[in-house]
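Here is the structure we will look at.
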Amino acid sequence: MVQMQDLQNMDIVKSQTKPLDQLLVSADHSYELAIVGSGISCSYTLIHYILLLKKKLAIEPTKTTVKTIKIAVLDKSGEFWTGIPYGSRTGKQSLIITPLKEFLPQPERDRFINWLRKNYTSVLLDLEQRPGILNSQWLKSYQGAMNEGNWDELFLPRYIFGWYLKERVEHLLHEANQKNYLQCDLISADACNIHKLDGAYKIDTTKSKSLIAKKIVLAIGSPPNKAAVQESLEALTNSKSSRSQICCITNMYEPSQNHNVERMLNFLRKADSAQPRQVLIIGSNASALETLYSLNNLPETAELIDKFIILSPAGEFPHRISNDPLSTSYIPHNLTLLTNQEHFTAKQILEAVKKDVDAALRQNETINSTYGLISQGVIKALNKLSYPEQKLFVTKYGVEIGKFQRRAGGDYLDVVDKLIFEGKLQFIKGKFTSTIPLAEGQLGFEFLTGTSSQPEIYTSPIQVLINCAGFQNLTTSSSPLINSLIDQEICIPNDSLCGFEMNENFEAHENLYLMGPLVAGNINQKLKVWHAESCGRIFGLSHTLAEVLL
């Protein structure tokens with residue numbers, strides 16, 4: 001624990017990036033804190049930590065002893081502070097999935113909007129330079145609102161927020177360089193193992209170097225994509241014969257979305273034009289929507305792709321977020337009746353939501369217009385559950401309920417509607433199992449539906465396969481780091497299998513803390529978290545973690 005008498009005349013962080021091959025496990029490269037992963041979970045934890053520390057120091061400015069706190073931040077990509085969603089790997093065409101007013105809570109939203117106003121000329125110039133038909137349409141549609149400073153309703157390109165976040169962190173680090181009370185080393189390496197030592201942890205990296213830290217924040221984002229899908233696609237990728245038959249994208253963001261879009265188009269340019277050129281996208285989540293949007297941003301896509309096939313258990317994309325007035329008359333009767341009962345279960349909340357959603361749609365309401373009312377009913381019901389049922393909700397039913405209220409912006413869904421109108425998009429409700437060989441060296445695929453135990457077969461050849469499936473559970477993860485933490489019992493998967501067990505101070509093990517998606521499935525006196533992937537939720541949770549770290 002940092003003592004106030006060790007901290008005087010301190011303002012912010014000394015920032016320096018050291019090549020990993022210069023690091024040795026010695027006093028020079030031992031740290032008070034190491035943050036593994038440098039996306040928004042890391043960025044906001046570090047921002048809150050610095051600001052809280054500044055505030056704390058201002059209370060006692062007369063202490064004379066100065067101690068430099070050493071922090072290491074590790075990132076396998078070498079792109080710090082933005083993570084995949086808000087950095088270069090996603091590309092400049094990808095949009096936030098909700099309007100800005102839902103994306104960021106206050107006071108952070110006002111801070112971001114002030115940054116947008118201050119940097120408007122640079123932001124607008126950068127937006128104007130983005131290539132692509134959808135990028136041009138987006139700017140034409142919303143430049144008037146931006147000129148007038150009406151940001152709250154906009155579905156902004158995600159890289160703009162990443163630009164802001166990176167600038168904010170770097171400003172704090174630069175400012176701190178003048179005071180020298182906190183040194184932050186940026187390490188471009190993938191952490192592959194963490195060992196518990198006496199009073200510290202040793203972090204091994206894939207570059208065969210290690211470092212020591214007294215405390216660790218595990219902020220590595222979500223686990224890799226689902227194992228069964230990933231293994232099947234990796235087998236295709238590793239097969240020489242398959243590589244000539246199909247373009248297989250196992251991860252749309254590695255090395256980047258732009259790279260993979262160009263790779264697909266190059267493959268289709270060489271494909272047999274006599275055959276329908278079909279693209280299979282596994283999943284119907286935000287990543288799948290973003291993939292469709294990014295592909296259709298390029299004019300050539302219309303000529304090269306005859307059909308998109310969307311295969312997912314939901315069999316549909318999220319519902320549209322619109323500017324239409326929210327409902328003031330709709331009543332979620334089933335949730336209301338349930339909460340009036342003395343005893344009920346988490347599963348009954350799920351069933352009530354299903355009925356209320358169906359009723360809303362029959363009354364010509366929308367998911368968007370009733371989202372707030374149903375969500376309020378869910379929270380009210382959750383708080384009346386017994387503790388065991390609350391735990392069931394957090395580890396299982398909360399995520400299931402979320403699937404009935406999925407929403408996305410109109411810019412993405414306009415592309416979907418256009419493709420459907422043109423007969424170029426097909427939904428299939430089911431789970432991908434494998435590709436299958438067809439005649440003349442072509443490939444189809446098998447999938448399972450909810451009504452049959454035997455796979456169904458899609459026999460029309462596909463030329464491109466893109467994996468946008470959900471994430472693995474932690475017990476079947478392909479991540480060496482996750483597997484090692486579980487094997488050593490440093491981290492224990494909770495009942496959701498999406499996150500690790502932790503206490504109310506975010507500790508999965510003594511002095512090893514969680515932030516981001518791995519917090520999911522936890523309930524204690526301070527928290528009920530069934531998913532922790534949204535920017536707003538991470539902003540709030542990371543503030544609490546920063547208080548703990550101080």
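Here's how to read the names in the structure tokens: chain A, B, ... by the order shown, residue numbers from 1 in each chain, ligand numbers from 1 in the order shown.
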(request) Compile the contact shell of stretch 505-508 of chain A as a ChimeraX atom specification: residues with an atom at most 8 Å away, counting only C-alpha atoms, same-chain residues fewer than 5 positions apart removed. (result) /A:490-492,500,513-515,519,545,548
Selection from above, N, CA and C atoms, as an mmCIF file, in the first residue's frame, can you write it?
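Contents of the output file part-v4.cif:
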```cif
data_model
loop_
_atom_site.group_PDB
_atom_site.id
_atom_site.type_symbol
_atom_site.label_atom_id
_atom_site.label_comp_id
_atom_site.auth_asym_id
_atom_site.auth_seq_id
_atom_site.Cartn_x
_atom_site.Cartn_y
_atom_site.Cartn_z
ATOM 1 N N ILE A 490 -4.649 -19.881 -9.443
ATOM 2 C CA ILE A 490 -4.545 -18.456 -9.154
ATOM 3 C C ILE A 490 -5.877 -17.791 -9.462
ATOM 4 N N CYS A 491 -6.512 -18.233 -10.554
ATOM 5 C CA CYS A 491 -7.836 -17.761 -10.940
ATOM 6 C C CYS A 491 -8.776 -18.953 -11.103
ATOM 7 N N ILE A 492 -9.983 -18.807 -10.610
ATOM 8 C CA ILE A 492 -10.971 -19.887 -10.665
ATOM 9 C C ILE A 492 -12.193 -19.391 -11.429
ATOM 10 N N PHE A 500 -13.821 -14.819 -13.849
ATOM 11 C CA PHE A 500 -13.188 -15.486 -12.714
ATOM 12 C C PHE A 500 -13.843 -15.044 -11.402
ATOM 13 N N TYR A 513 -5.840 -8.553 -9.564
ATOM 14 C CA TYR A 513 -7.152 -7.937 -9.741
ATOM 15 C C TYR A 513 -7.661 -8.137 -11.169
ATOM 16 N N LEU A 514 -8.961 -8.079 -11.320
ATOM 17 C CA LEU A 514 -9.597 -8.213 -12.628
ATOM 18 C C LEU A 514 -10.237 -6.893 -13.041
ATOM 19 N N MET A 515 -10.250 -6.640 -14.349
ATOM 20 C CA MET A 515 -11.022 -5.529 -14.894
ATOM 21 C C MET A 515 -11.431 -5.887 -16.321
ATOM 22 N N VAL A 519 -14.599 -9.782 -15.311
ATOM 23 C CA VAL A 519 -15.343 -9.499 -14.073
ATOM 24 C C VAL A 519 -16.733 -10.142 -14.110
ATOM 25 N N LEU A 545 -12.038 0.080 -8.824
ATOM 26 C CA LEU A 545 -10.770 -0.647 -8.733
ATOM 27 C C LEU A 545 -9.619 0.303 -8.415
ATOM 28 N N VAL A 548 -9.353 0.945 -4.852
ATOM 29 C CA VAL A 548 -8.783 -0.212 -4.151
ATOM 30 C C VAL A 548 -7.267 -0.225 -4.306
#
```
Set out as CSV a contact list for stretch 244-340 of chain A and stretch 71-88 of chain A with a cut-off of 9 Å, giving each residue of stretch 244-340 of chain A that qualifies its closest atom pair and distance in Å to one decimal, counting only C-alpha atoms, ordered by chain and rising residue number.
```
residue,atom,partner,partner_atom,distance
A:Tyr253,CA,A:Ile84,CA,7.3
A:Ser256,CA,A:Ser88,CA,7.1
A:Gln257,CA,A:Ser88,CA,8.5
A:Asn258,CA,A:Ser88,CA,8.9
```
May I have the selected residues written with N, CA, C and O atoms, as a PDB file, in the first residue's frame?
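part-v1.pdb, written as the output of this step:
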```
ATOM      1  N   TYR A 253     -10.006  -9.222 -36.703  1.00  0.00           N
ATOM      2  CA  TYR A 253      -9.196  -8.092 -36.238  1.00  0.00           C
ATOM      3  C   TYR A 253      -7.714  -8.410 -36.153  1.00  0.00           C
ATOM      4  O   TYR A 253      -6.938  -7.601 -35.630  1.00  0.00           O
ATOM      5  N   SER A 256      -5.673  -6.952 -38.824  1.00  0.00           N
ATOM      6  CA  SER A 256      -6.593  -5.822 -38.767  1.00  0.00           C
ATOM      7  C   SER A 256      -7.781  -6.110 -39.670  1.00  0.00           C
ATOM      8  O   SER A 256      -7.707  -6.943 -40.584  1.00  0.00           O
ATOM      9  N   GLN A 257      -8.878  -5.400 -39.420  1.00  0.00           N
ATOM     10  CA  GLN A 257     -10.061  -5.570 -40.249  1.00  0.00           C
ATOM     11  C   GLN A 257      -9.793  -5.133 -41.691  1.00  0.00           C
ATOM     12  O   GLN A 257     -10.207  -5.809 -42.637  1.00  0.00           O
ATOM     13  N   ASN A 258      -9.113  -4.035 -41.875  1.00  0.00           N
ATOM     14  CA  ASN A 258      -8.812  -3.566 -43.228  1.00  0.00           C
ATOM     15  C   ASN A 258      -7.993  -4.588 -44.009  1.00  0.00           C
ATOM     16  O   ASN A 258      -8.231  -4.826 -45.201  1.00  0.00           O
TER      17      ASN A 258
END
```
(request) Provide the atom CA of A:Val464 to atom CA of A:Ser478 distance in Å, to one decimal place. (result)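 Rounded to one decimal, the two atoms are 23.7 Å apart.
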(message) Give me, as a list in words, all polymer residues having an atom no more than 10 Å from A:Ile367, counting only C-alpha atoms and skipping those fewer than 6 positions away in the same chain.
(response) Pro318, His319, Arg320, Ile321, Leu326, Val357, Asp358, Ala360, Leu361, Ile374, Phe404, Gln405, Arg406 and Arg407 of chain A
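Distances from A:Gly199, A:Pro157, A:Gly132, A:Gly450 to A:Pro299 were compared using only C-alpha atoms, and the smallest one belongs to A:Gly132.
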(message) One number please: atom CA of A:Asp411 to atom CA of A:Asn135, in Å, one decimal.
(response) 10.3 Å
(request) Going by DSSP on the backbone, which bits of stretch 79-281 of chain A are strand (DSSP E)? Write them as a ChimeraX atom specification, please. (result) /A:182-188,191-196,201-205,210-218,247-249,278-281
Would you mind exporting the chosen residues as a short mmCIF file (atom, residue, chain, number, x, y, z; two decimals), in the first residue's frame, restricted to N, CA, C and O atoms?
```
data_model
loop_
_atom_site.label_atom_id
_atom_site.label_comp_id
_atom_site.auth_asym_id
_atom_site.auth_seq_id
_atom_site.Cartn_x
_atom_site.Cartn_y
_atom_site.Cartn_z
N LEU A 182 5.53 8.83 -10.50
CA LEU A 182 5.02 7.57 -11.03
C LEU A 182 5.64 7.33 -12.40
O LEU A 182 5.54 8.15 -13.29
N GLN A 183 6.34 6.20 -12.51
CA GLN A 183 7.00 5.83 -13.76
C GLN A 183 6.21 4.71 -14.42
O GLN A 183 5.92 3.69 -13.80
N CYS A 184 5.86 4.90 -15.69
CA CYS A 184 5.07 3.91 -16.41
C CYS A 184 5.86 3.38 -17.58
O CYS A 184 6.15 4.13 -18.53
N ASP A 185 6.25 2.11 -17.54
CA ASP A 185 6.98 1.48 -18.64
C ASP A 185 5.99 0.74 -19.54
O ASP A 185 5.19 -0.08 -19.06
N LEU A 186 6.05 1.01 -20.83
CA LEU A 186 5.17 0.36 -21.80
C LEU A 186 5.94 -0.78 -22.47
O LEU A 186 6.99 -0.56 -23.07
N ILE A 187 5.41 -1.98 -22.37
CA ILE A 187 6.12 -3.17 -22.82
C ILE A 187 5.31 -3.86 -23.91
O ILE A 187 4.20 -4.34 -23.67
N SER A 188 5.88 -3.92 -25.10
CA SER A 188 5.20 -4.56 -26.23
C SER A 188 5.52 -6.05 -26.22
O SER A 188 6.53 -6.49 -26.79
N ALA A 191 1.88 -11.47 -22.54
CA ALA A 191 2.07 -12.21 -21.29
C ALA A 191 1.51 -13.62 -21.47
O ALA A 191 0.33 -13.79 -21.76
N CYS A 192 2.36 -14.62 -21.33
CA CYS A 192 1.92 -16.00 -21.54
C CYS A 192 1.80 -16.78 -20.25
O CYS A 192 1.22 -17.87 -20.23
N ASN A 193 2.35 -16.25 -19.15
CA ASN A 193 2.27 -16.97 -17.89
C ASN A 193 2.47 -15.99 -16.73
O ASN A 193 3.18 -14.99 -16.86
N ILE A 194 1.83 -16.31 -15.62
CA ILE A 194 1.98 -15.54 -14.38
C ILE A 194 2.19 -16.53 -13.25
O ILE A 194 1.41 -17.48 -13.09
N HIS A 195 3.26 -16.33 -12.47
CA HIS A 195 3.58 -17.21 -11.34
C HIS A 195 3.47 -16.44 -10.04
O HIS A 195 3.90 -15.29 -9.95
N LYS A 196 2.92 -17.06 -9.03
CA LYS A 196 2.85 -16.45 -7.70
C LYS A 196 4.16 -16.67 -6.99
O LYS A 196 4.65 -17.79 -6.88
N TYR A 201 4.41 -11.28 -7.99
CA TYR A 201 4.12 -12.16 -9.12
C TYR A 201 5.21 -12.00 -10.17
O TYR A 201 5.78 -10.91 -10.35
N LYS A 202 5.50 -13.09 -10.87
CA LYS A 202 6.44 -13.06 -12.00
C LYS A 202 5.63 -13.24 -13.27
O LYS A 202 4.84 -14.18 -13.39
N ILE A 203 5.81 -12.34 -14.22
CA ILE A 203 5.10 -12.40 -15.50
C ILE A 203 6.09 -12.81 -16.58
O ILE A 203 7.10 -12.14 -16.81
N ASP A 204 5.80 -13.94 -17.23
CA ASP A 204 6.60 -14.38 -18.37
C ASP A 204 5.94 -13.92 -19.66
O ASP A 204 4.70 -13.86 -19.75
N THR A 205 6.74 -13.61 -20.66
CA THR A 205 6.21 -13.17 -21.94
C THR A 205 6.70 -14.09 -23.06
O THR A 205 7.63 -14.88 -22.89
N SER A 210 11.01 -11.67 -18.60
CA SER A 210 10.08 -11.68 -17.47
C SER A 210 10.20 -10.38 -16.68
O SER A 210 11.18 -9.66 -16.78
N LEU A 211 9.17 -10.13 -15.86
CA LEU A 211 9.22 -9.01 -14.93
C LEU A 211 8.50 -9.39 -13.66
O LEU A 211 7.74 -10.37 -13.63
N ILE A 212 8.73 -8.63 -12.62
CA ILE A 212 8.16 -8.88 -11.29
C ILE A 212 7.23 -7.73 -10.93
O ILE A 212 7.54 -6.57 -11.19
N ALA A 213 6.09 -8.05 -10.35
CA ALA A 213 5.16 -7.01 -9.90
C ALA A 213 4.52 -7.42 -8.59
O ALA A 213 4.16 -8.59 -8.41
N LYS A 214 4.40 -6.46 -7.66
CA LYS A 214 3.72 -6.74 -6.40
C LYS A 214 2.22 -6.93 -6.60
O LYS A 214 1.58 -7.72 -5.91
N LYS A 215 1.67 -6.14 -7.54
CA LYS A 215 0.25 -6.24 -7.84
C LYS A 215 0.07 -6.35 -9.34
O LYS A 215 0.86 -5.80 -10.12
N ILE A 216 -0.99 -7.05 -9.74
CA ILE A 216 -1.30 -7.21 -11.16
C ILE A 216 -2.78 -6.89 -11.37
O ILE A 216 -3.64 -7.30 -10.59
N VAL A 217 -3.06 -6.17 -12.46
CA VAL A 217 -4.43 -6.03 -12.95
C VAL A 217 -4.52 -6.78 -14.26
O VAL A 217 -3.78 -6.49 -15.21
N LEU A 218 -5.38 -7.78 -14.30
CA LEU A 218 -5.60 -8.58 -15.50
C LEU A 218 -6.71 -7.90 -16.30
O LEU A 218 -7.87 -7.94 -15.93
N CYS A 247 -11.45 -18.67 -48.66
CA CYS A 247 -10.74 -17.67 -47.85
C CYS A 247 -11.35 -17.71 -46.46
O CYS A 247 -12.53 -17.40 -46.28
N CYS A 248 -10.56 -18.12 -45.49
CA CYS A 248 -11.07 -18.34 -44.13
C CYS A 248 -10.48 -17.29 -43.18
O CYS A 248 -9.26 -17.21 -43.02
N ILE A 249 -11.35 -16.49 -42.57
CA ILE A 249 -10.92 -15.45 -41.62
C ILE A 249 -11.30 -15.93 -40.22
O ILE A 249 -12.46 -15.90 -39.83
N GLN A 278 -20.23 -16.52 -52.58
CA GLN A 278 -20.99 -16.42 -51.33
C GLN A 278 -20.06 -16.30 -50.13
O GLN A 278 -19.02 -16.98 -50.06
N VAL A 279 -20.46 -15.47 -49.19
CA VAL A 279 -19.70 -15.23 -47.96
C VAL A 279 -20.53 -15.71 -46.77
O VAL A 279 -21.66 -15.25 -46.57
N LEU A 280 -19.97 -16.64 -46.00
CA LEU A 280 -20.62 -17.12 -44.77
C LEU A 280 -20.04 -16.36 -43.58
O LEU A 280 -18.82 -16.37 -43.37
N ILE A 281 -20.90 -15.71 -42.81
CA ILE A 281 -20.50 -15.05 -41.56
C ILE A 281 -21.11 -15.83 -40.41
O ILE A 281 -22.33 -15.98 -40.33
#
```
(request) In Å, rounded to a single decimal, give me how far atom CA of A:Ala532 is from atom CA of A:Tyr159. (result) 20.6 Å
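Distances to A:Ala520 were evaluated for A:Cys535, A:Met146, A:Ile466, A:Val394 using only C-alpha atoms, and the minimum falls at A:Val394.
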(request) Considering only C-alpha atoms, return as a ChimeraX atom specification whatever protein or nucleic-acid residues lie within 12 Å of A:Trp138, sequence-local ones (same chain, fewer than 4 positions apart) excluded. (result) /A:92-95,127-128,130-134,142-146,154-157,293,297,410-412,414
(message) I'd like the neighbourhood of stretch 430-444 of chain A as number ranges by chain, where a residue qualifies if any of its atoms comes within 6 Å (using only C-alpha atoms), though same-chain residues fewer than 3 positions away should be ignored.
(response) A: 312-313, 447-449, 458-459, 461-462
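Counting only C-alpha atoms and comparing A:Phe344, A:Val261, A:Ala200, A:Cys42, the residue that lies closest to A:Asn511 is A:Ala200.
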(message) as a count of residues only, please: the residues near A:Glu316 (cut-off 10 Å, only C-alpha atoms, same-chain neighbours under 5 positions excluded).
(response) 9
(request) Determine the nearest neighbour of A:Ser208 from the options A:His509, A:Pro455, A:Lys403, A:Ala189, counting only C-alpha atoms. (result) A:Ala189
(request) as a VMD selection string, please: all residues of stretch 135-250 of chain A that backbone DSSP puts in alpha helix (DSSP H). (result) chain A and resid 135 to 147 158 to 176 227 to 238 240 to 245
(message) Need the shell around A:Ile538: protein/DNA/RNA residues with any atom at most 9 Å away, counting only C-alpha atoms. Skip same-chain ones fewer than 2 positions apart. Format as a list in words?
(response)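 Residues near the query, excluding close chain neighbours: Ile40, Ser41, Tyr44, Thr45, Met515, Gly516, Pro517, Ala532, Glu533, Ser534, Cys535, Gly536, Gly540, Leu541, Ser542 and His543 of chain A.
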Next, dump the selected residues to file, keeping only N, CA and C atoms, as a PDB file, in the first residue's frame.
```pdb
ATOM      1  N   ILE A  40      -9.337  -0.323 -23.031  1.00  0.00           N
ATOM      2  CA  ILE A  40     -10.016   0.681 -22.197  1.00  0.00           C
ATOM      3  C   ILE A  40     -10.081   0.268 -20.731  1.00  0.00           C
ATOM      4  N   SER A  41     -10.051  -1.041 -20.436  1.00  0.00           N
ATOM      5  CA  SER A  41     -10.042  -1.466 -19.029  1.00  0.00           C
ATOM      6  C   SER A  41      -8.784  -0.972 -18.336  1.00  0.00           C
ATOM      7  N   TYR A  44      -8.809   3.280 -18.426  1.00  0.00           N
ATOM      8  CA  TYR A  44      -9.625   3.957 -17.423  1.00  0.00           C
ATOM      9  C   TYR A  44      -9.172   3.636 -16.000  1.00  0.00           C
ATOM     10  N   THR A  45      -8.663   2.438 -15.774  1.00  0.00           N
ATOM     11  CA  THR A  45      -8.104   2.148 -14.450  1.00  0.00           C
ATOM     12  C   THR A  45      -6.935   3.085 -14.164  1.00  0.00           C
ATOM     13  N   MET A 515     -10.250  -6.640 -14.349  1.00  0.00           N
ATOM     14  CA  MET A 515     -11.022  -5.529 -14.894  1.00  0.00           C
ATOM     15  C   MET A 515     -11.431  -5.887 -16.321  1.00  0.00           C
ATOM     16  N   GLY A 516     -12.654  -5.465 -16.685  1.00  0.00           N
ATOM     17  CA  GLY A 516     -13.160  -5.749 -18.018  1.00  0.00           C
ATOM     18  C   GLY A 516     -14.013  -7.001 -18.053  1.00  0.00           C
ATOM     19  N   PRO A 517     -14.138  -7.657 -19.202  1.00  0.00           N
ATOM     20  CA  PRO A 517     -15.037  -8.805 -19.359  1.00  0.00           C
ATOM     21  C   PRO A 517     -14.834  -9.933 -18.355  1.00  0.00           C
ATOM     22  N   ALA A 532     -19.464  -7.318 -18.508  1.00  0.00           N
ATOM     23  CA  ALA A 532     -18.678  -6.104 -18.259  1.00  0.00           C
ATOM     24  C   ALA A 532     -17.890  -5.754 -19.509  1.00  0.00           C
ATOM     25  N   GLU A 533     -18.613  -5.627 -20.620  1.00  0.00           N
ATOM     26  CA  GLU A 533     -17.958  -5.337 -21.890  1.00  0.00           C
ATOM     27  C   GLU A 533     -18.215  -3.920 -22.386  1.00  0.00           C
ATOM     28  N   SER A 534     -19.265  -3.264 -21.905  1.00  0.00           N
ATOM     29  CA  SER A 534     -19.586  -1.927 -22.409  1.00  0.00           C
ATOM     30  C   SER A 534     -18.619  -0.898 -21.832  1.00  0.00           C
ATOM     31  N   CYS A 535     -18.378   0.156 -22.614  1.00  0.00           N
ATOM     32  CA  CYS A 535     -17.458   1.203 -22.184  1.00  0.00           C
ATOM     33  C   CYS A 535     -17.944   1.872 -20.898  1.00  0.00           C
ATOM     34  N   GLY A 536     -19.257   2.146 -20.823  1.00  0.00           N
ATOM     35  CA  GLY A 536     -19.799   2.801 -19.642  1.00  0.00           C
ATOM     36  C   GLY A 536     -19.622   1.992 -18.380  1.00  0.00           C
ATOM     37  N   GLY A 540     -17.169   2.863 -14.920  1.00  0.00           N
ATOM     38  CA  GLY A 540     -17.577   2.874 -13.517  1.00  0.00           C
ATOM     39  C   GLY A 540     -16.823   1.870 -12.668  1.00  0.00           C
ATOM     40  N   LEU A 541     -16.676   0.641 -13.166  1.00  0.00           N
ATOM     41  CA  LEU A 541     -15.995  -0.402 -12.404  1.00  0.00           C
ATOM     42  C   LEU A 541     -14.524  -0.062 -12.190  1.00  0.00           C
ATOM     43  N   SER A 542     -13.890   0.509 -13.202  1.00  0.00           N
ATOM     44  CA  SER A 542     -12.463   0.809 -13.082  1.00  0.00           C
ATOM     45  C   SER A 542     -12.198   1.913 -12.063  1.00  0.00           C
ATOM     46  N   HIS A 543     -13.167   2.793 -11.865  1.00  0.00           N
ATOM     47  CA  HIS A 543     -13.009   3.819 -10.831  1.00  0.00           C
ATOM     48  C   HIS A 543     -12.951   3.171  -9.448  1.00  0.00           C
TER      49      HIS A 543
END
```
